[in-house]
$ cat work_32.cif   # mmCIF, C-alpha atoms (C1' of nucleotides)
data_target
#
loop_
_atom_site.label_atom_id
_atom_site.label_comp_id
_atom_site.auth_asym_id
_atom_site.auth_seq_id
_atom_site.Cartn_x
_atom_site.Cartn_y
_atom_site.Cartn_z
CA MET A 922 19.25 -2.06 -9.43
CA PRO A 923 15.65 -1.76 -10.54
CA SER A 924 14.62 -0.48 -7.11
CA ARG A 925 14.38 3.27 -7.39
CA LYS A 926 14.39 5.41 -4.30
CA ILE A 927 10.81 6.51 -4.78
CA ARG A 928 8.15 4.05 -5.84
CA ASN A 929 4.91 5.82 -5.01
CA THR A 930 3.18 6.72 -8.28
CA LEU A 931 1.83 9.90 -6.76
CA ALA A 932 5.41 11.11 -6.99
CA LEU A 933 5.33 10.37 -10.72
CA ALA A 934 2.18 12.42 -11.07
CA LEU A 935 3.54 15.38 -9.13
CA LEU A 936 6.80 15.35 -11.03
CA GLY A 937 4.88 15.22 -14.28
CA LEU A 938 2.91 18.29 -13.30
CA LEU A 939 5.99 20.22 -12.30
CA LEU A 940 7.47 19.56 -15.71
CA GLU A 941 4.68 21.77 -17.03
CA ARG A 942 5.16 24.60 -14.57
CA PRO A 943 6.04 25.31 -10.92
CA MET A 944 3.26 24.85 -8.39
CA HIS A 945 2.65 24.63 -4.68
CA PRO A 946 1.45 21.31 -3.23
CA TYR A 947 -2.21 22.10 -2.90
CA GLU A 948 -2.34 23.27 -6.49
CA MET A 949 -0.76 20.02 -7.63
CA ALA A 950 -3.45 18.09 -5.81
CA SER A 951 -6.35 20.08 -7.20
CA THR A 952 -4.96 19.97 -10.72
CA LEU A 953 -4.65 16.19 -10.51
CA ARG A 954 -8.12 15.85 -9.09
CA GLU A 955 -9.54 17.94 -11.90
CA ARG A 956 -7.70 16.03 -14.62
CA TYR A 957 -8.17 12.53 -13.38
CA LYS A 958 -11.24 12.81 -11.21
CA GLY A 959 -9.69 10.73 -8.47
CA SER A 960 -8.92 7.68 -10.55
CA THR A 961 -5.41 6.93 -11.86
CA PHE A 962 -3.81 8.61 -8.83
CA LYS A 963 -4.77 8.38 -5.22
CA ILE A 964 -4.53 11.79 -3.68
CA ASN A 965 -4.64 12.12 0.04
CA PRO A 966 -3.50 15.25 1.89
CA GLY A 967 -1.22 13.26 4.14
CA SER A 968 0.55 11.40 1.36
CA LEU A 969 0.74 14.55 -0.74
CA TYR A 970 2.96 16.48 1.64
CA ASP A 971 5.02 13.41 2.50
CA THR A 972 5.62 12.76 -1.17
CA VAL A 973 6.56 16.34 -1.94
CA GLU A 974 9.05 16.26 0.91
CA SER A 975 10.49 13.01 -0.32
CA LEU A 976 10.87 14.35 -3.85
CA ALA A 977 12.62 17.43 -2.49
CA LYS A 978 14.92 15.34 -0.31
CA HIS A 979 16.05 13.41 -3.37
CA ARG A 980 16.51 16.65 -5.33
CA TRP A 981 14.03 15.69 -8.01
CA ILE A 982 12.22 18.92 -7.23
CA GLU A 983 13.17 22.03 -5.29
CA PRO A 984 11.43 25.01 -3.70
CA VAL A 985 11.66 28.09 -5.87
CA GLU A 986 9.80 30.62 -3.76
CA THR A 987 7.53 30.96 -0.78
CA VAL A 988 4.65 33.32 -1.21
CA ARG A 989 2.30 34.62 1.41
CA GLU A 990 -1.15 35.98 0.73
CA GLY A 991 -2.90 37.78 3.53
CA ASN A 992 -2.62 36.00 6.81
CA ARG A 993 -2.49 32.57 5.28
CA PRO A 994 0.49 30.40 5.98
CA GLU A 995 3.27 30.52 3.46
CA ARG A 996 2.93 28.39 0.42
CA THR A 997 6.07 26.88 -0.96
CA VAL A 998 6.19 26.71 -4.74
CA TYR A 999 8.25 23.89 -6.20
CA ALA A 1000 9.83 23.29 -9.59
CA HIS A 1001 11.45 20.20 -11.07
CA THR A 1002 15.22 19.90 -11.27
CA GLU A 1003 17.19 18.57 -14.23
CA LEU A 1004 17.75 15.36 -12.26
CA GLY A 1005 14.01 15.20 -11.74
CA ARG A 1006 13.33 15.39 -15.45
CA GLN A 1007 15.76 12.60 -16.18
CA GLU A 1008 14.45 10.35 -13.45
CA PHE A 1009 10.90 10.98 -14.59
CA VAL A 1010 11.53 9.73 -18.10
CA ALA A 1011 13.62 6.78 -16.95
CA TRP A 1012 10.99 5.75 -14.42
CA LEU A 1013 8.20 6.07 -16.95
CA ASP A 1014 10.11 3.97 -19.44
CA GLU A 1015 10.68 1.26 -16.86
CA LEU A 1016 7.05 1.26 -15.71
CA VAL A 1017 5.87 0.72 -19.27
CA ARG A 1018 8.45 -1.90 -20.20
CA GLU A 1019 8.32 -4.16 -17.18
CA PRO A 1020 5.05 -5.47 -15.84
CA VAL A 1021 5.25 -5.54 -12.05
CA THR A 1022 3.27 -8.01 -10.01
CA GLU A 1023 0.52 -6.29 -8.12
CA TYR A 1024 -2.07 -7.71 -5.76
CA PRO A 1025 -5.58 -6.55 -6.69
CA LYS A 1026 -8.22 -7.35 -4.12
CA PHE A 1027 -10.41 -9.08 -6.65
CA VAL A 1028 -7.77 -11.67 -7.45
CA ALA A 1029 -7.49 -12.50 -3.75
CA ALA A 1030 -11.24 -12.89 -3.56
CA VAL A 1031 -11.42 -15.06 -6.67
CA SER A 1032 -8.86 -17.40 -5.21
CA TYR A 1033 -11.37 -18.21 -2.45
CA LEU A 1034 -14.42 -18.14 -4.68
CA GLY A 1035 -15.19 -21.73 -3.75
CA ALA A 1036 -16.07 -20.67 -0.22
CA LEU A 1037 -19.10 -18.72 -1.45
CA GLY A 1038 -20.76 -21.79 -2.87
CA PRO A 1039 -21.95 -21.92 -6.48
CA GLU A 1040 -25.19 -19.93 -6.21
CA ARG A 1041 -23.82 -17.07 -4.23
CA ALA A 1042 -20.64 -16.94 -6.32
CA ARG A 1043 -22.67 -16.74 -9.51
CA ASP A 1044 -24.91 -14.06 -8.09
CA ALA A 1045 -21.96 -12.01 -6.86
CA LEU A 1046 -20.21 -12.25 -10.23
CA GLU A 1047 -23.34 -11.10 -11.98
CA GLU A 1048 -23.61 -8.13 -9.69
CA ARG A 1049 -19.99 -7.27 -10.34
CA ALA A 1050 -20.67 -7.48 -14.05
CA ARG A 1051 -23.43 -4.89 -13.72
CA HIS A 1052 -21.15 -2.54 -11.82
CA LEU A 1053 -18.44 -2.96 -14.42
CA ALA A 1054 -20.88 -2.22 -17.22
CA GLU A 1055 -21.76 1.04 -15.52
CA ARG A 1056 -18.15 2.03 -15.20
CA ILE A 1057 -17.56 1.28 -18.83
CA ASP A 1058 -20.47 3.55 -19.74
CA GLY A 1059 -18.92 6.24 -17.58
CA ALA A 1060 -15.58 5.87 -19.35
CA ASP A 1061 -17.29 6.04 -22.73
CA ALA A 1062 -19.03 9.24 -21.74
CA ALA A 1063 -15.77 10.78 -20.56
CA LEU A 1064 -14.02 9.76 -23.77
CA ALA A 1065 -16.83 11.09 -25.96
CA GLU A 1066 -16.78 14.40 -24.13
CA THR A 1067 -13.06 14.80 -24.61
CA VAL A 1068 -13.24 13.97 -28.28
CA GLY A 1069 -16.11 16.43 -28.57
CA LYS A 1070 -13.89 19.16 -27.21
CA GLY A 1071 -11.35 18.39 -29.89
CA ALA A 1072 -8.68 17.28 -27.42
CA PRO A 1073 -6.15 14.73 -28.68
CA ARG A 1074 -6.82 11.07 -27.90
CA LEU A 1075 -3.47 10.74 -26.20
CA PHE A 1076 -4.80 13.03 -23.51
CA MET A 1077 -7.18 10.30 -22.35
CA ILE A 1078 -5.15 7.27 -23.31
CA GLU A 1079 -5.18 5.87 -19.77
CA VAL A 1080 -8.97 5.97 -19.80
CA GLU A 1081 -8.93 3.92 -23.00
CA PHE A 1082 -6.68 1.42 -21.28
CA VAL A 1083 -8.77 1.18 -18.15
CA ARG A 1084 -11.92 0.81 -20.21
CA HIS A 1085 -10.29 -2.04 -22.08
CA ALA A 1086 -9.30 -3.75 -18.83
CA TRP A 1087 -12.81 -3.40 -17.42
CA GLN A 1088 -14.29 -4.80 -20.58
CA ALA A 1089 -12.08 -7.85 -20.26
CA GLU A 1090 -12.99 -8.29 -16.62
CA LEU A 1091 -16.65 -7.95 -17.48
CA GLY A 1092 -16.31 -10.66 -20.09
CA TRP A 1093 -14.64 -12.97 -17.62
CA ALA A 1094 -17.22 -12.34 -14.91
CA ARG A 1095 -20.13 -13.01 -17.25
CA ARG A 1096 -18.57 -16.09 -18.74
CA THR A 1097 -17.64 -17.52 -15.37
CA ALA A 1098 -21.12 -16.87 -13.99
CA ALA A 1099 -22.55 -18.66 -17.02
CA GLU A 1100 -20.22 -21.60 -16.49
CA ILE A 1101 -21.30 -21.91 -12.89
CA ARG A 1102 -24.92 -21.88 -13.95
CA SER A 1103 -24.43 -24.46 -16.68
CA GLY A 1104 -22.34 -26.69 -14.46
CA SER A 1105 -19.31 -26.57 -16.73
CA LEU A 1106 -17.32 -25.20 -13.82
CA PRO A 1107 -17.75 -28.03 -11.35
CA TRP A 1108 -17.90 -27.17 -7.67
CA PRO A 1109 -16.06 -29.50 -5.36
CA ASP A 1110 -17.52 -30.09 -1.92
CA HIS A 1111 -17.06 -27.18 0.39
CA SER A 1112 -17.48 -27.42 4.10
CA MET B 643 -20.50 1.10 6.61
CA PRO B 644 -18.59 -0.57 3.80
CA SER B 645 -15.32 0.08 5.63
CA ARG B 646 -14.40 -3.10 7.41
CA LYS B 647 -11.90 -3.00 10.21
CA ILE B 648 -9.34 -5.02 8.28
CA ARG B 649 -8.70 -4.39 4.61
CA ASN B 650 -5.39 -6.11 3.98
CA THR B 651 -6.02 -9.08 1.72
CA LEU B 652 -3.30 -11.06 3.44
CA ALA B 653 -5.75 -11.24 6.34
CA LEU B 654 -8.29 -12.80 3.97
CA ALA B 655 -5.75 -15.40 2.94
CA LEU B 656 -4.77 -16.28 6.50
CA LEU B 657 -8.35 -16.52 7.63
CA GLY B 658 -9.12 -18.73 4.66
CA LEU B 659 -6.34 -21.09 5.65
CA LEU B 660 -7.45 -21.26 9.27
CA LEU B 661 -10.89 -22.30 8.11
CA GLU B 662 -9.22 -25.49 6.89
CA ARG B 663 -7.30 -26.20 10.08
CA PRO B 664 -5.39 -24.47 12.88
CA MET B 665 -1.85 -23.37 12.12
CA HIS B 666 0.96 -21.25 13.47
CA PRO B 667 2.00 -18.13 11.53
CA TYR B 668 5.04 -19.49 9.79
CA GLU B 669 3.08 -22.48 8.54
CA MET B 670 0.42 -20.17 7.12
CA ALA B 671 3.08 -18.30 5.21
CA SER B 672 4.74 -21.39 3.78
CA THR B 673 1.42 -22.94 2.83
CA LEU B 674 0.44 -19.78 0.97
CA ARG B 675 3.78 -19.58 -0.76
CA GLU B 676 3.47 -23.16 -1.89
CA ARG B 677 -0.09 -22.74 -3.17
CA TYR B 678 0.23 -19.42 -4.85
CA LYS B 679 3.93 -19.17 -5.58
CA GLY B 680 4.08 -15.59 -4.39
CA SER B 681 1.46 -14.18 -6.69
CA THR B 682 -2.10 -13.45 -5.50
CA PHE B 683 -0.90 -12.66 -1.99
CA LYS B 684 2.10 -10.67 -0.91
CA ILE B 685 3.74 -12.41 1.97
CA ASN B 686 6.32 -10.62 3.98
CA PRO B 687 7.40 -11.75 7.45
CA GLY B 688 6.77 -8.35 8.94
CA SER B 689 3.26 -7.99 7.58
CA LEU B 690 2.50 -11.60 8.44
CA TYR B 691 2.89 -11.21 12.18
CA ASP B 692 1.25 -7.77 12.19
CA THR B 693 -1.72 -9.19 10.36
CA VAL B 694 -2.06 -12.20 12.63
CA GLU B 695 -2.02 -9.89 15.62
CA SER B 696 -4.62 -7.67 14.08
CA LEU B 697 -6.87 -10.64 13.30
CA ALA B 698 -6.52 -11.83 16.88
CA LYS B 699 -7.26 -8.36 18.25
CA HIS B 700 -10.52 -8.30 16.34
CA ARG B 701 -11.37 -11.84 17.49
CA TRP B 702 -11.54 -13.25 14.00
CA ILE B 703 -8.96 -15.80 15.09
CA GLU B 704 -7.63 -16.87 18.47
CA PRO B 705 -4.64 -18.75 19.86
CA VAL B 706 -5.44 -22.35 20.68
CA GLU B 707 -2.11 -23.59 21.98
CA THR B 708 1.53 -22.76 22.21
CA VAL B 709 3.90 -25.58 21.51
CA ARG B 710 7.60 -25.73 22.02
CA GLU B 711 9.97 -28.04 20.24
CA GLY B 712 13.50 -28.33 21.48
CA ASN B 713 15.05 -25.02 22.24
CA ARG B 714 13.12 -23.16 19.60
CA PRO B 715 10.90 -20.29 20.65
CA GLU B 716 7.28 -21.12 21.29
CA ARG B 717 4.99 -21.24 18.34
CA THR B 718 1.48 -20.05 18.84
CA VAL B 719 -1.11 -22.01 16.92
CA TYR B 720 -4.23 -20.10 15.89
CA ALA B 721 -7.73 -21.16 14.87
CA HIS B 722 -10.60 -19.17 13.39
CA THR B 723 -13.51 -18.10 15.55
CA GLU B 724 -17.17 -18.25 14.56
CA LEU B 725 -17.06 -14.47 14.08
CA GLY B 726 -14.06 -14.99 11.84
CA ARG B 727 -15.93 -17.43 9.63
CA GLN B 728 -18.84 -15.06 9.22
CA GLU B 729 -16.66 -12.06 8.47
CA PHE B 730 -14.67 -14.10 5.96
CA VAL B 731 -17.70 -14.96 3.88
CA ALA B 732 -19.20 -11.48 4.11
CA TRP B 733 -15.91 -9.88 3.11
CA LEU B 734 -15.45 -12.28 0.22
CA ASP B 735 -18.94 -11.59 -1.03
CA GLU B 736 -18.34 -7.86 -0.91
CA LEU B 737 -14.98 -8.11 -2.67
CA VAL B 738 -16.56 -10.01 -5.53
CA ARG B 739 -19.67 -7.86 -5.84
CA GLU B 740 -18.18 -4.39 -5.71
CA PRO B 741 -15.26 -3.41 -7.89
CA VAL B 742 -12.99 -1.14 -5.89
CA THR B 743 -10.83 1.46 -7.54
CA GLU B 744 -7.21 0.51 -7.37
CA TYR B 745 -4.16 2.30 -8.68
CA PRO B 746 -1.96 0.03 -10.76
CA LYS B 747 1.42 1.49 -11.63
CA PHE B 748 0.96 0.86 -15.33
CA VAL B 749 -2.12 3.08 -15.49
CA ALA B 750 -0.15 5.89 -13.92
CA ALA B 751 2.59 5.41 -16.47
CA VAL B 752 0.17 5.27 -19.40
CA SER B 753 -1.32 8.57 -18.34
CA TYR B 754 2.08 10.17 -19.03
CA LEU B 755 2.86 8.09 -22.09
CA GLY B 756 3.11 11.25 -24.17
CA ALA B 757 6.28 12.24 -22.37
CA LEU B 758 8.17 9.27 -23.81
CA GLY B 759 7.69 10.45 -27.38
CA PRO B 760 6.20 8.17 -30.04
CA GLU B 761 9.19 5.99 -30.87
CA ARG B 762 10.19 5.21 -27.34
CA ALA B 763 6.59 4.70 -26.27
CA ARG B 764 6.02 2.21 -29.06
CA ASP B 765 9.23 0.39 -28.28
CA ALA B 766 8.42 0.21 -24.57
CA LEU B 767 4.92 -1.11 -25.27
CA GLU B 768 6.33 -3.79 -27.53
CA GLU B 769 8.74 -4.86 -24.84
CA ARG B 770 5.91 -5.01 -22.33
CA ALA B 771 3.95 -7.14 -24.76
CA ARG B 772 6.79 -9.64 -24.92
CA HIS B 773 6.95 -9.85 -21.13
CA LEU B 774 3.22 -10.35 -20.92
CA ALA B 775 3.34 -13.12 -23.49
CA GLU B 776 5.90 -14.93 -21.33
CA ARG B 777 3.74 -14.62 -18.27
CA ILE B 778 0.78 -15.97 -20.14
CA ASP B 779 2.84 -18.97 -21.18
CA GLY B 780 3.78 -19.46 -17.54
CA ALA B 781 0.14 -19.37 -16.50
CA ASP B 782 -0.77 -21.86 -19.21
CA ALA B 783 1.92 -24.22 -18.01
CA ALA B 784 0.70 -23.96 -14.42
CA LEU B 785 -2.89 -24.57 -15.49
CA ALA B 786 -1.95 -27.54 -17.65
CA GLU B 787 0.02 -29.08 -14.80
CA THR B 788 -2.90 -28.75 -12.42
CA VAL B 789 -5.34 -30.24 -14.88
CA GLY B 790 -2.86 -33.04 -15.47
CA LYS B 791 -2.91 -33.85 -11.78
CA GLY B 792 -6.67 -34.15 -11.92
CA ALA B 793 -7.27 -31.20 -9.59
CA PRO B 794 -10.55 -29.33 -10.05
CA ARG B 795 -10.47 -26.19 -12.17
CA LEU B 796 -11.86 -24.13 -9.32
CA PHE B 797 -8.59 -24.72 -7.53
CA MET B 798 -6.79 -22.51 -10.03
CA ILE B 799 -9.60 -20.17 -10.94
CA GLU B 800 -7.64 -17.06 -9.99
CA VAL B 801 -4.90 -18.08 -12.39
CA GLU B 802 -7.49 -18.30 -15.15
CA PHE B 803 -8.63 -14.81 -14.26
CA VAL B 804 -5.15 -13.33 -14.16
CA ARG B 805 -4.31 -15.00 -17.45
CA HIS B 806 -7.39 -13.44 -18.99
CA ALA B 807 -6.43 -10.00 -17.68
CA TRP B 808 -2.89 -10.33 -19.03
CA GLN B 809 -4.19 -11.43 -22.38
CA ALA B 810 -6.35 -8.31 -22.55
CA GLU B 811 -3.45 -6.10 -21.55
CA LEU B 812 -1.28 -7.76 -24.16
CA GLY B 813 -3.88 -7.04 -26.82
CA TRP B 814 -4.05 -3.40 -25.81
CA ALA B 815 -0.28 -2.98 -25.74
CA ARG B 816 0.13 -4.50 -29.20
CA ARG B 817 -2.74 -2.57 -30.69
CA THR B 818 -1.57 0.70 -29.21
CA ALA B 819 1.99 0.13 -30.40
CA ALA B 820 0.63 -0.55 -33.88
CA GLU B 821 -1.45 2.61 -33.78
CA ILE B 822 1.57 4.65 -32.84
CA ARG B 823 3.51 3.15 -35.70
CA SER B 824 0.76 3.72 -38.24
CA GLY B 825 0.13 7.26 -37.05
CA SER B 826 -3.48 6.61 -36.16
CA LEU B 827 -2.70 7.67 -32.60
CA PRO B 828 -1.51 11.20 -33.27
CA TRP B 829 1.21 12.59 -31.02
CA PRO B 830 0.78 16.20 -29.98
CA ASP B 831 3.92 18.29 -29.55
CA HIS B 832 5.78 17.43 -26.42
CA SER B 833 8.40 19.66 -24.92
"C1'" DC C 568 32.92 -34.82 12.70
"C1'" DA C 569 33.55 -30.14 11.41
"C1'" DC C 570 31.54 -27.42 7.98
"C1'" DC C 571 28.01 -25.42 5.26
"C1'" DG C 572 23.93 -24.51 2.97
"C1'" DT C 573 18.95 -24.63 3.59
"C1'" DA C 574 14.67 -24.68 6.13
"C1'" DT C 575 12.35 -23.10 10.22
"C1'" DA C 576 10.56 -19.28 12.95
"C1'" DG C 577 10.27 -14.85 14.01
"C1'" DT C 578 11.88 -9.71 15.73
"C1'" DC C 579 12.36 -4.98 15.24
"C1'" DG C 580 13.06 -0.33 13.65
"C1'" DG C 581 12.15 2.43 10.23
"C1'" DT C 582 9.35 4.37 6.31
"C1'" DT C 583 5.09 5.11 4.16
"C1'" DC C 584 0.41 5.88 4.16
"C1'" DC C 585 -3.79 7.39 5.74
"C1'" DG C 586 -7.60 10.32 6.96
"C1'" DA C 587 -9.70 12.97 10.68
"C1'" DC C 588 -8.93 17.35 12.16
"C1'" DT C 589 -7.65 22.50 12.08
"C1'" DA C 590 -7.98 27.03 10.35
"C1'" DA C 591 -8.34 30.91 7.37
"C1'" DT C 592 -10.66 33.32 3.57
"C1'" DA C 593 -14.04 34.19 -0.16
"C1'" DG C 594 -18.56 34.46 -1.77
"C1'" DG C 595 -23.40 34.73 -1.40
"C1'" DG C 596 -27.85 35.26 0.64
"C1'" DA C 597 -31.09 36.99 4.38
"C1'" DT D 265 -23.83 43.44 8.31
"C1'" DC D 266 -23.82 38.87 9.84
"C1'" DC D 267 -23.88 34.16 9.15
"C1'" DC D 268 -23.28 29.98 6.50
"C1'" DT D 269 -21.01 27.16 3.34
"C1'" DA D 270 -17.38 26.07 0.10
"C1'" DT D 271 -12.73 26.36 -0.99
"C1'" DT D 272 -8.05 26.79 0.09
"C1'" DA D 273 -4.18 24.92 2.58
"C1'" DG D 274 -2.12 22.01 5.48
"C1'" DT D 275 -0.92 19.27 10.28
"C1'" DC D 276 -0.40 15.35 13.02
"C1'" DG D 277 -0.69 10.92 15.31
"C1'" DG D 278 -1.47 6.49 14.50
"C1'" DA D 279 -1.82 2.22 11.49
"C1'" DA D 280 0.12 -0.45 8.02
"C1'" DC D 281 3.86 -2.13 5.65
"C1'" DC D 282 8.41 -3.52 4.67
"C1'" DG D 283 12.60 -6.12 4.62
"C1'" DA D 284 17.10 -6.65 6.73
"C1'" DC D 285 18.49 -9.11 10.44
"C1'" DT D 286 18.70 -12.91 14.18
"C1'" DA D 287 18.92 -17.55 15.69
"C1'" DT D 288 18.23 -22.50 15.91
"C1'" DA D 289 17.97 -27.06 13.79
"C1'" DC D 290 18.78 -30.37 10.12
"C1'" DG D 291 20.80 -32.98 6.38
"C1'" DG D 292 24.46 -33.94 3.57
"C1'" DT D 293 29.62 -34.03 2.28
"C1'" DG D 294 34.56 -34.08 2.23
#

$ encode --input "work_32.cif" --output "structure tokens"
Amino acid sequence: MPSRKIRNTLALALLGLLLERPMHPYEMASTLRERYKGSTFKINPGSLYDTVESLAKHRWIEPVETVREGNRPERTVYAHTELGRQEFVAWLDELVREPVTEYPKFVAAVSYLGALGPERARDALEERARHLAERIDGADAALAETVGKGAPRLFMIEVEFVRHAWQAELGWARRTAAEIRSGSLPWPDHS
Amino acid sequence: MPSRKIRNTLALALLGLLLERPMHPYEMASTLRERYKGSTFKINPGSLYDTVESLAKHRWIEPVETVREGNRPERTVYAHTELGRQEFVAWLDELVREPVTEYPKFVAAVSYLGALGPERARDALEERARHLAERIDGADAALAETVGKGAPRLFMIEVEFVRHAWQAELGWARRTAAEIRSGSLPWPDHS
DNA sequence: CACCGTATAGTCGGTTCCGACTAATAGGGA
DNA sequence: TCCCTATTAGTCGGAACCGACTATACGGTG
């Protein structure tokens, strides 16, 4: 029973937008891109239209009008349905309550870290740490800017979370690199 | 240039196994399941055979023999190629060095946390925290068991990493729930 | 020794996802 | 005015992914 019909989080994003006001697909995409700058949601023209269609098929959203400007093809404007609003909240609730197992690429790589050999592994981890530090600086800048504009913190809460996760990863990478260097993480023979 | 032909991390896992010794697809899957208990790599029969085929197409692995036992269908045993070994290490190196942006479901959900309202959001975060605590206990048990068997730490290094990440997420969830409760995370009007 | 659950081994059709490509218009400079 | 680029808006075919389903062998048990 926990398997909803739609699992793609882009659908969650689109539905969330339509709860604010009706839009046509392209507008949803550009609004998301502006708000989240490409992180948080992966927006790809192909997936966008597929997802909108899927949402419409399940009656979570529905077309409210098709407008035509000049010679451009018609744009279909969608709005959420009452069912859509309910599903949105229920889905959100579930996503927060139950951690789902995901498969980040870095975890896969770490599981074969041995194959890099100690020196190269240490070096690679240190490089990762530098990249992470940059991203954290970027997040801090974004957060500071938002606060500066007087926007509520809740508006950027996912950036706070991601920053926190990066900070943790940075700590792990640095500590592990140090352990490799000091020899406290022993390296078994590797072919 | 950073776009390798194969991106699926299951391919990384399979290649890693074949560096140890030749195997047929089903054996790769069961070995992975045994070692990682379903986390780290997502193993699905469909993807498995697709991925093996794709690896073979790119000459990272190649069939070395087809054996038949009884009336069962032939099993094709694969081994890595020299190209495969090189690509494996290069890919691994890259995965460790460069953090790639991924799109975890929880981040998507957090970005719409406002829509749950403060009480429900706090409650959901607290429930998540409990689930995370259980998973951390599970990881600790797995780590303790491995250490007990005298296996090298490096063998479970990805579990250490995941545990660390969960711990960080747990901290964030608890802290955020507390901030909602105390009012230090103000909740703007939500429709 | 017939029955049944479990392990072995894999197939196949459908859905989802992706990103290169198309095409029209608006705006700005030479 | 003409051209160039950026923005708007979306299409389409292929690649990846998924999981229900098939089918055989094997080890116990009543």

$ closest_atom_pairs --input "work_32.cif" --of "chain C" --to "stretch 285-294 of chain D" --cutoff "9 Å" --atoms "all atoms listed in the file" --output "Markdown table"
| residue | atom | partner | partner_atom | distance |
| --- | --- | --- | --- | --- |
| C:DC570 | C1' | D:DT293 | C1' | 8.9 |
| C:DT573 | C1' | D:DC290 | C1' | 8.7 |
| C:DA574 | C1' | D:DC290 | C1' | 8.1 |
| C:DT575 | C1' | D:DA289 | C1' | 7.7 |
| C:DA576 | C1' | D:DT288 | C1' | 8.8 |
| C:DG577 | C1' | D:DT286 | C1' | 8.7 |
| C:DT578 | C1' | D:DT286 | C1' | 7.7 |
| C:DC579 | C1' | D:DC285 | C1' | 8.8 |

$ interface_residues --input "work_32.cif" --of "chain C" --to "chain A" --cutoff "10 Å" --atoms "only C-alpha atoms (C1' of nucleotides)" --output "VMD selection string"
chain C and resid 583 to 586 590 to 592

$ atom_distance --input "work_32.cif" --atom1 "atom CA of B:Arg646" --atom2 "atom CA of B:Phe803"
25.3 Å

$ resolve_selection --input "work_32.cif" --expression "the PyMOL selection byres ((chain D) within 8 of (chain B))" --output "short mmCIF file (atom, residue, chain, number, x, y, z; two decimals) with C-alpha atoms (C1' of nucleotides), in the frame of the given file"
data_model
loop_
_atom_site.label_atom_id
_atom_site.label_comp_id
_atom_site.auth_asym_id
_atom_site.auth_seq_id
_atom_site.Cartn_x
_atom_site.Cartn_y
_atom_site.Cartn_z
"C1'" DC D 281 3.86 -2.13 5.65
"C1'" DC D 282 8.41 -3.52 4.67
"C1'" DG D 283 12.60 -6.12 4.62
"C1'" DT D 288 18.23 -22.50 15.91
#

$ resolve_selection --input "work_32.cif" --expression "the PyMOL selection byres ((chain B) within 6 of (chain A))" --output "VMD selection string"
chain B and resid 682 734 738 to 740 745 749 to 753 766 769 to 770 800

$ axis_aligned_box --input "work_32.cif" --around "stretch 574-593 of chain C" --padding-each-side "8 Å" --output "JSON"
{"center_x": 0.3, "center_y": 4.8, "center_z": 7.8, "size_x": 44.7, "size_y": 74.9, "size_z": 31.9}

$ atom_distance --input "work_32.cif" --atom1 "atom CA of A:Val998" --atom2 "atom CA of A:Val985"
5.8 Å

$ atom_distance --input "work_32.cif" --atom1 "atom CA of B:Asp831" --atom2 "atom CA of A:Gly1071"
15.3 Å

$ resolve_selection --input "work_32.cif" --expression "the PyMOL selection byres ((chain C and resi 597) around 12)" --output "list of chain:residue names"
C:DG595, C:DG596, D:DT265, D:DC266, D:DC267, D:DC268

$ residues_around --input "work_32.cif" --residues "B:Lys699" --least-positions-apart "4" --cutoff "12 Å" --atoms "only C-alpha atoms (C1' of nucleotides)" --output "VMD selection string"
chain B and resid 647 to 648 692 to 695 703 to 705 723 726

$ decode --input "work_32.cif" --residues "stretch 1029-1050 of chain A" --atoms "C-alpha atoms" --output "mmCIF file, in the first residue's frame"
data_model
loop_
_atom_site.group_PDB
_atom_site.id
_atom_site.type_symbol
_atom_site.label_atom_id
_atom_site.label_comp_id
_atom_site.auth_asym_id
_atom_site.auth_seq_id
_atom_site.Cartn_x
_atom_site.Cartn_y
_atom_site.Cartn_z
ATOM 1 C CA ALA A 1029 28.792 2.821 -4.412
ATOM 2 C CA ALA A 1030 32.229 4.288 -4.971
ATOM 3 C CA VAL A 1031 33.144 4.167 -1.283
ATOM 4 C CA SER A 1032 32.280 0.497 -1.174
ATOM 5 C CA TYR A 1033 35.126 -0.110 -3.633
ATOM 6 C CA LEU A 1034 37.474 2.447 -2.143
ATOM 7 C CA GLY A 1035 40.041 -0.260 -1.501
ATOM 8 C CA ALA A 1036 40.641 -0.640 -5.226
ATOM 9 C CA LEU A 1037 42.124 2.853 -5.442
ATOM 10 C CA GLY A 1038 44.947 2.034 -3.084
ATOM 11 C CA PRO A 1039 45.646 4.152 0.000
ATOM 12 C CA GLU A 1040 47.460 7.105 -1.597
ATOM 13 C CA ARG A 1041 45.056 7.662 -4.402
ATOM 14 C CA ALA A 1042 42.038 7.145 -2.140
ATOM 15 C CA ARG A 1043 43.339 9.726 0.302
ATOM 16 C CA ASP A 1044 44.062 12.184 -2.464
ATOM 17 C CA ALA A 1045 40.632 11.705 -4.025
ATOM 18 C CA LEU A 1046 38.899 12.182 -0.672
ATOM 19 C CA GLU A 1047 40.816 15.377 -0.085
ATOM 20 C CA GLU A 1048 39.795 16.681 -3.462
ATOM 21 C CA ARG A 1049 36.193 15.836 -2.724
ATOM 22 C CA ALA A 1050 36.487 17.687 0.553
#
